[in-house]
Amino acid sequence: MPVMIHTGTSIFPGARNLHAQPMLCDDVGIDYPNLVVILAHGGRPLWMNEAFFLVRRHKNMYMDISGIPRRN
Amino acid sequence: MEYFPRIEDVADKVLWGTDWPGPGVPEIKGNIEKFNALPIGAAASGKILYDNAARLFPRLIELVHGFQIVKHDFTL
């Protein structure tokens with residue numbers, strides 16, 4: 001069963017972003033290498049390099065490209 | 001593409017999505033039109049839009065199409 005984890009900032013009132021960094025999922029990829037993990041929003045917009053790295057590093061780590069703000 | 005210039009390198013690991021009805025996403029159609037306008041090759045685009053999700057969520061394919069066309073090959 002795939003597990004989807006929110007990554008990236010959220011501007012909902014009261015949303016806390018401290019633990020929204022994709023890199024926190026690195027340990028998950030190490031400890032559960034066969035678990036399918038989807039990094040929602042690909043770490044938008046501050047940590048997209050992290051998400052890209054993790055997807056390349058871990059065999060069963062994916063990301064989605066939903067809810068990515070346009071870059072002005 | 002500005003955010004993920006090398007998205008085609010990981011085309012097997014990316015899922016399209018909308019975040020609807022989240023803030024800034026009034027409807028789904030515009031989202032897929034914007035994706036289709038990106039300079040991404042047809043092979044990679046097909047994986048991101050359909051194949052990867054079909055592989056990860058075989059039950060969903062079963063529900064949509066009425067039969068299972070992709071075998072679930074993940075072992076936990």
# chains A, B, ... in the order shown; residues from 1 in each chain; ligands from 1
>>> interface_residues(of="chain B", to="chain A", cutoff="9 Å", atoms="only C-alpha atoms", output="PyMOL selection string")
chain B and resi 2-4+6-7+9-10+12-20+22-25+31+48+56-57+74-76
>>> select_by_dssp(residues="chain A", states="strand (DSSP E)", output="PyMOL selection string")
chain A and resi 3-6+37-40+61-64
>>> select_by_dssp(residues="chain B", states="helix (DSSP H, G or I)", output="VMD selection string")
chain B and resid 7 to 13 28 to 36 42 to 56 58 to 65
>>> write_last_selection(atoms="C-alpha atoms", output="short mmCIF file (atom, residue, chain, number, x, y, z; two decimals), in the first residue's frame")
data_model
loop_
_atom_site.label_atom_id
_atom_site.label_comp_id
_atom_site.auth_asym_id
_atom_site.auth_seq_id
_atom_site.Cartn_x
_atom_site.Cartn_y
_atom_site.Cartn_z
CA ILE B 7 11.77 15.73 -14.58
CA GLU B 8 12.18 13.32 -17.49
CA ASP B 9 15.09 11.68 -15.64
CA VAL B 10 12.61 10.53 -13.00
CA ALA B 11 9.56 10.10 -15.24
CA ASP B 12 9.03 6.60 -13.81
CA LYS B 13 8.63 8.07 -10.33
CA ILE B 28 -8.80 20.39 -12.67
CA LYS B 29 -8.99 20.98 -16.42
CA GLY B 30 -6.68 24.00 -16.42
CA ASN B 31 -4.13 22.01 -14.47
CA ILE B 32 -3.88 19.23 -17.04
CA GLU B 33 -3.82 21.76 -19.89
CA LYS B 34 -0.84 23.45 -18.30
CA PHE B 35 0.88 20.10 -17.89
CA ASN B 36 0.27 19.16 -21.50
CA ALA B 42 5.21 11.82 -25.00
CA ALA B 43 6.77 8.77 -23.36
CA ALA B 44 7.55 10.59 -20.11
CA SER B 45 4.24 12.40 -20.18
CA GLY B 46 2.34 9.13 -20.52
CA LYS B 47 4.13 7.72 -17.49
CA ILE B 48 3.44 10.78 -15.36
CA LEU B 49 -0.20 11.07 -16.39
CA TYR B 50 -1.19 7.41 -16.35
CA ASP B 51 1.29 4.55 -16.24
CA ASN B 52 2.89 5.26 -12.87
CA ALA B 53 -0.42 5.74 -11.11
CA ALA B 54 -1.80 2.62 -12.79
CA ARG B 55 1.16 0.65 -11.47
CA LEU B 56 0.88 2.03 -7.92
CA PRO B 58 -4.02 -1.23 -9.55
CA ARG B 59 -7.36 -1.32 -7.73
CA LEU B 60 -8.13 2.13 -9.08
CA ILE B 61 -7.57 0.92 -12.62
CA GLU B 62 -9.84 -1.99 -11.85
CA LEU B 63 -12.54 0.39 -10.66
CA VAL B 64 -12.18 2.74 -13.63
CA HIS B 65 -11.90 0.16 -16.37
#
>>> residues_around(residues="region 20-25 of chain A", least_positions_apart="3", cutoff="7 Å", atoms="only C-alpha atoms", output="list in words")
His6, Thr7, Gly8, Thr9, Asn17, Val28, Gly29, Gly43, Trp47, Glu50 and Ala51 of chain A
>>> atom_distance(atom1="CA of Ile5 (chain A)", atom2="CA of Pro21 (chain B)")
17.8 Å
>>> atom_distance(atom1="CA of Val37 (chain A)", atom2="CA of Ile40 (chain B)")
23.9 Å
